[in-house]
>>> print(open('protein_6.csv').read())   # CSV, C-alpha atoms
chain,number,residue,atom,x,y,z
A,1,MET,CA,162.6,-0.6,111.4
A,2,ALA,CA,164.3,2.3,113.3
A,3,ASP,CA,161.7,4.7,112.0
A,4,VAL,CA,158.8,2.9,113.7
A,5,GLU,CA,160.5,2.2,117.0
A,6,ILE,CA,159.2,3.9,120.1
A,7,GLY,CA,161.9,5.5,122.3
A,8,ALA,CA,162.0,6.0,126.0
A,9,ALA,CA,160.3,9.3,125.7
A,10,GLY,CA,157.4,7.7,123.8
A,11,ARG,CA,158.1,9.3,120.5
A,12,PRO,CA,158.4,7.3,117.3
A,13,GLY,CA,161.9,7.1,115.7
A,14,TRP,CA,160.9,9.1,112.6
A,15,LEU,CA,159.7,12.0,114.9
A,16,ARG,CA,163.0,12.1,116.8
A,17,ARG,CA,164.9,12.1,113.6
A,18,PHE,CA,162.7,14.8,112.1
A,19,GLY,CA,163.3,16.9,115.3
A,20,ARG,CA,167.1,16.5,114.9
A,21,GLU,CA,167.0,17.4,111.2
A,22,LEU,CA,164.8,20.4,111.8
A,23,ALA,CA,167.0,21.6,114.7
A,24,TYR,CA,170.0,21.1,112.5
A,25,VAL,CA,168.6,23.2,109.6
A,26,LEU,CA,167.2,26.0,111.7
A,27,GLY,CA,170.2,26.1,114.0
A,28,GLY,CA,172.5,26.4,111.1
A,29,LEU,CA,171.5,29.9,110.3
A,30,PRO,CA,172.8,31.7,113.4
A,31,VAL,CA,176.0,29.7,113.2
A,32,ALA,CA,176.4,30.6,109.5
A,33,VAL,CA,175.8,34.3,110.3
A,34,ALA,CA,178.5,34.4,112.9
A,35,ALA,CA,180.9,32.3,110.8
A,36,PHE,CA,180.3,34.4,107.6
A,37,THR,CA,180.9,37.7,109.6
A,38,VAL,CA,184.2,36.4,111.1
A,39,ALA,CA,185.3,35.0,107.7
A,40,VAL,CA,184.6,38.1,105.6
A,41,THR,CA,185.9,40.5,108.2
A,42,GLY,CA,189.1,38.5,108.8
A,43,LEU,CA,189.8,38.0,105.1
A,44,SER,CA,189.0,41.6,104.2
A,45,PHE,CA,191.3,43.0,106.9
A,46,GLY,CA,194.0,40.4,106.4
A,47,LEU,CA,194.3,40.7,102.6
A,48,SER,CA,194.1,44.5,102.7
A,49,THR,CA,196.9,44.8,105.2
A,50,LEU,CA,199.3,42.2,103.7
A,51,VAL,CA,201.5,45.0,102.3
A,52,VAL,CA,202.4,46.1,105.9
A,53,TRP,CA,202.6,42.5,107.2
A,54,VAL,CA,199.8,43.1,109.6
A,55,GLY,CA,197.7,40.9,107.4
A,56,LEU,CA,199.6,37.7,108.1
A,57,PRO,CA,198.7,37.4,111.7
A,58,ALA,CA,195.2,38.6,110.9
A,59,LEU,CA,194.8,35.8,108.4
A,60,ALA,CA,196.3,33.3,110.8
A,61,GLY,CA,193.9,34.3,113.5
A,62,THR,CA,191.0,34.0,111.0
A,63,LEU,CA,192.1,30.5,110.1
A,64,MET,CA,192.3,29.5,113.7
A,65,GLY,CA,188.8,30.8,114.1
A,66,ALA,CA,187.7,28.8,111.1
A,67,ARG,CA,189.1,25.6,112.7
A,68,ALA,CA,187.0,26.4,115.8
A,69,PHE,CA,183.9,26.8,113.7
A,70,ALA,CA,184.7,23.6,111.8
A,71,GLY,CA,184.8,21.7,115.1
A,72,MET,CA,181.4,23.1,116.0
A,73,GLU,CA,180.1,22.0,112.6
A,74,LEU,CA,181.3,18.5,113.0
A,75,ARG,CA,179.8,18.2,116.5
A,76,ARG,CA,176.5,19.4,114.9
A,77,LEU,CA,176.9,16.6,112.4
A,78,GLU,CA,177.2,14.1,115.2
A,79,ARG,CA,174.1,15.4,116.9
A,80,LEU,CA,172.3,15.1,113.5
A,81,ALA,CA,173.2,11.5,113.4
A,82,GLY,CA,172.0,11.0,116.9
A,83,HIS,CA,175.4,10.5,118.5
A,84,ARG,CA,176.8,12.3,121.5
A,85,PRO,CA,179.6,14.7,120.4
A,86,ARG,CA,183.1,13.5,121.2
A,87,ALA,CA,185.6,15.3,123.4
A,88,ALA,CA,187.6,18.1,121.8
A,89,VAL,CA,190.8,17.2,120.1
A,90,ARG,CA,193.5,19.8,119.4
A,91,ALA,CA,193.8,20.5,115.6
A,92,GLY,CA,196.6,21.9,113.5
A,93,GLY,CA,199.3,24.4,114.4
A,94,ASP,CA,198.8,27.8,116.1
A,95,GLY,CA,200.1,31.2,115.1
A,96,LEU,CA,201.4,31.7,111.6
A,97,ARG,CA,201.6,27.9,111.1
A,98,ALA,CA,197.8,28.0,110.6
A,99,LEU,CA,198.5,29.6,107.2
A,100,ARG,CA,199.9,26.2,106.0
A,101,ASP,CA,196.9,24.2,107.2
A,102,GLY,CA,195.0,23.2,104.1
A,103,TRP,CA,192.1,21.9,106.3
A,104,ALA,CA,191.8,25.3,107.9
A,105,TRP,CA,191.5,27.0,104.5
A,106,ARG,CA,188.7,24.5,103.5
A,107,ALA,CA,187.0,25.3,106.8
A,108,LEU,CA,187.2,29.0,106.0
A,109,ALA,CA,185.7,28.4,102.5
A,110,HIS,CA,182.8,26.5,104.2
A,111,MET,CA,182.2,29.6,106.4
A,112,VAL,CA,181.6,31.7,103.3
A,113,VAL,CA,179.9,29.2,101.0
A,114,ALA,CA,177.4,27.8,103.6
A,115,PHE,CA,175.9,31.2,104.4
A,116,PRO,CA,173.6,31.8,101.4
A,117,LEU,CA,172.6,28.1,101.3
A,118,ARG,CA,171.6,28.1,105.0
A,119,VAL,CA,169.6,31.3,104.6
A,120,ALA,CA,167.6,29.6,101.8
A,121,ALA,CA,167.3,26.4,103.8
A,122,PHE,CA,166.1,28.2,106.9
A,123,CYS,CA,163.4,30.0,105.0
A,124,VAL,CA,162.2,26.8,103.3
A,125,ALA,CA,162.2,24.8,106.5
A,126,LEU,CA,160.4,27.5,108.4
A,127,THR,CA,157.7,27.9,105.7
A,128,TRP,CA,157.1,24.2,105.4
A,129,THR,CA,156.8,23.6,109.2
A,130,VAL,CA,155.6,26.7,110.9
A,131,GLY,CA,153.7,28.0,107.8
A,132,GLY,CA,152.2,24.6,107.3
A,133,LEU,CA,151.0,24.4,110.9
A,134,GLY,CA,149.6,28.0,110.8
A,135,SER,CA,147.7,27.2,107.5
A,136,LEU,CA,146.3,24.0,108.9
A,137,LEU,CA,144.9,25.9,111.9
A,138,TYR,CA,143.7,28.8,109.7
A,139,VAL,CA,140.1,28.3,110.6
A,140,THR,CA,140.9,29.2,114.3
A,141,TRP,CA,142.5,32.6,113.5
A,142,SER,CA,141.2,33.7,110.1
A,143,TRP,CA,138.6,35.8,111.7
A,144,SER,CA,141.3,38.2,113.0
A,145,LEU,CA,142.6,39.2,109.6
A,146,PRO,CA,141.5,42.5,108.2
A,147,ARG,CA,139.3,42.0,105.1
A,148,ASP,CA,139.0,44.4,102.2
A,149,GLU,CA,135.5,45.1,100.9
A,150,GLY,CA,134.5,42.1,98.9
A,151,GLY,CA,137.7,40.2,99.5
A,152,THR,CA,138.1,37.2,101.7
A,153,GLY,CA,141.7,36.2,101.5
A,154,LEU,CA,144.3,34.3,99.4
A,155,PHE,CA,141.8,32.1,97.7
A,156,ASP,CA,139.8,35.1,96.5
A,157,LEU,CA,143.0,36.7,95.1
A,158,MET,CA,143.9,33.5,93.2
A,159,THR,CA,140.5,32.6,91.8
A,160,GLY,CA,138.2,35.5,92.2
A,161,ASN,CA,135.9,33.5,94.4
A,162,PRO,CA,134.9,35.5,97.5
A,163,SER,CA,133.7,32.5,99.5
A,164,GLU,CA,135.1,32.6,103.0
A,165,ALA,CA,134.4,28.9,103.4
A,166,ALA,CA,136.4,28.1,100.2
A,167,ASP,CA,139.2,30.3,101.5
A,168,ILE,CA,139.4,28.4,104.8
A,169,ALA,CA,139.2,25.0,103.0
A,170,PHE,CA,141.9,26.0,100.5
A,171,THR,CA,144.3,27.3,103.2
A,172,THR,CA,143.7,24.4,105.5
A,173,ALA,CA,144.4,21.9,102.6
A,174,ALA,CA,147.6,23.8,101.7
A,175,GLY,CA,148.7,23.6,105.3
A,176,ALA,CA,148.0,19.8,105.4
A,177,VAL,CA,150.1,19.4,102.2
A,178,LEU,CA,153.0,21.4,103.6
A,179,LEU,CA,153.0,19.4,106.9
A,180,ALA,CA,152.6,16.1,105.1
A,181,THR,CA,155.7,16.8,102.9
A,182,SER,CA,157.7,18.6,105.6
A,183,VAL,CA,159.6,15.4,106.6
A,184,PRO,CA,161.2,14.7,103.2
A,185,VAL,CA,161.7,18.4,102.5
A,186,VAL,CA,163.5,19.0,105.8
A,187,ARG,CA,165.4,15.8,105.5
A,188,ALA,CA,166.7,16.8,102.0
A,189,LEU,CA,167.8,20.2,103.3
A,190,ALA,CA,169.6,18.7,106.2
A,191,ALA,CA,171.3,16.1,103.9
A,192,ALA,CA,172.4,18.8,101.5
A,193,ASP,CA,173.9,20.9,104.3
A,194,ALA,CA,175.6,17.9,105.9
A,195,ALA,CA,177.1,16.9,102.5
A,196,LEU,CA,178.5,20.3,102.0
A,197,THR,CA,180.0,20.3,105.5
A,198,ARG,CA,181.5,16.8,105.1
A,199,GLY,CA,182.9,17.8,101.7
A,200,LEU,CA,184.7,20.9,102.8
A,201,VAL,CA,185.4,20.2,106.5
A,202,SER,CA,185.8,16.4,107.0
A,203,GLY,CA,188.6,14.2,105.8
A,204,GLY,CA,191.6,16.3,106.8
A,205,PRO,CA,194.9,14.7,107.7
A,206,ARG,CA,195.0,13.0,111.1
A,207,GLU,CA,197.1,15.7,112.7
A,208,SER,CA,194.5,18.3,111.6
A,209,ARG,CA,191.4,16.6,112.7
A,210,PRO,CA,189.0,19.1,114.5
A,211,PRO,CA,187.1,18.6,117.7
A,212,GLY,CA,184.4,16.0,117.3
A,213,PHE,CA,185.9,14.7,114.0
A,214,VAL,CA,184.0,11.8,112.4
A,215,GLN,CA,185.7,9.9,109.7
A,216,THR,CA,183.4,9.5,106.7
>>> encode(input="protein_6.csv", output="structure tokens")
Amino acid sequence: MADVEIGAAGRPGWLRRFGRELAYVLGGLPVAVAAFTVAVTGLSFGLSTLVVWVGLPALAGTLMGARAFAGMELRRLERLAGHRPRAAVRAGGDGLRALRDGWAWRALAHMVVAFPLRVAAFCVALTWTVGGLGSLLYVTWSWSLPRDEGGTGLFDLMTGNPSEAADIAFTTAAGAVLLATSVPVVRALAAADAALTRGLVSGGPRESRPPGFVQT
């Protein structure tokens, strides 16, 4: 019933949910890029300088950064569920004590593992939504495309049929299919990302719960 309810803004529930899921998937890429950069840089520097003891504080600092990113991730999960993010809660120990925080190490692993998955999810979600909308409206902008002699577009390349009307019909139909299936596709991408985040970041001991922690 929730999916057919109309909210205060006049949008059906499924559309609000789709908006949250799409924002979650697309917004995950810039977070993943920043997190991956911090994780790889911190780990590389820390492990390469362990022999001169500089690596220990470097690794500890990287783990504290991982906890900060984990708090951000869990607040994103709350927004995905339609909840207002909770107030920040201090998590774990600072300084070299962070090296003994198992939850921080899992958060660091998430920073590395989530990056390639989110790159793929971003590309798929963008293709299914923006690409689908562009294809659906192909008839309004197809005239602007440069045409090779005797060629009329993707349909001609696939079938050898140079009909411009057939090309427009095919591309428009493809856009309609993409948009019609975008809701379950984006939902699946968001669910997979959320499951990975919960698996690696949630469920730590009470004293190590991050900002915005949600018990699952």
>>> residues_around(input="protein_6.csv", residues="A:Phe115", least_positions_apart="2", cutoff="7 Å", atoms="all atoms listed in the file", output="ChimeraX atom specification")
/A:32-33,36,111-113,117-119
>>> atom_distance(input="protein_6.csv", atom1="atom CA of A:Met158", atom2="atom CA of A:Gly132")
18.6 Å
>>> residues_near_point(input="protein_6.csv", point="(197.6, 31.3, 108.2)", cutoff="10 Å", atoms="all atoms listed in the file", output="number ranges by chain")
A: 46, 55-64, 93-102, 104-105
>>> atom_distance(input="protein_6.csv", atom1="atom CA of A:Ser144", atom2="atom CA of A:Ile168")
12.9 Å
>>> atom_distance(input="protein_6.csv", atom1="atom CA of A:His83", atom2="atom CA of A:Arg20")
10.9 Å
>>> closest_residue(input="protein_6.csv", among="A:Arg79, A:Gly199, A:Arg187, A:Pro116", to="A:Trp128", atoms="all atoms listed in the file")
A:Arg187
>>> closest_residue(input="protein_6.csv", among="A:Tyr24, A:Phe122, A:Trp103, A:Trp14", to="A:Ala66", atoms="all atoms listed in the file")
A:Trp103
>>> residues_around(input="protein_6.csv", residues="A:Leu126", least_positions_apart="4", cutoff="12 Å", atoms="all atoms listed in the file", output="ChimeraX atom specification")
/A:22-23,25-27,29,118-122,130-134,178-179,182,185-186,189
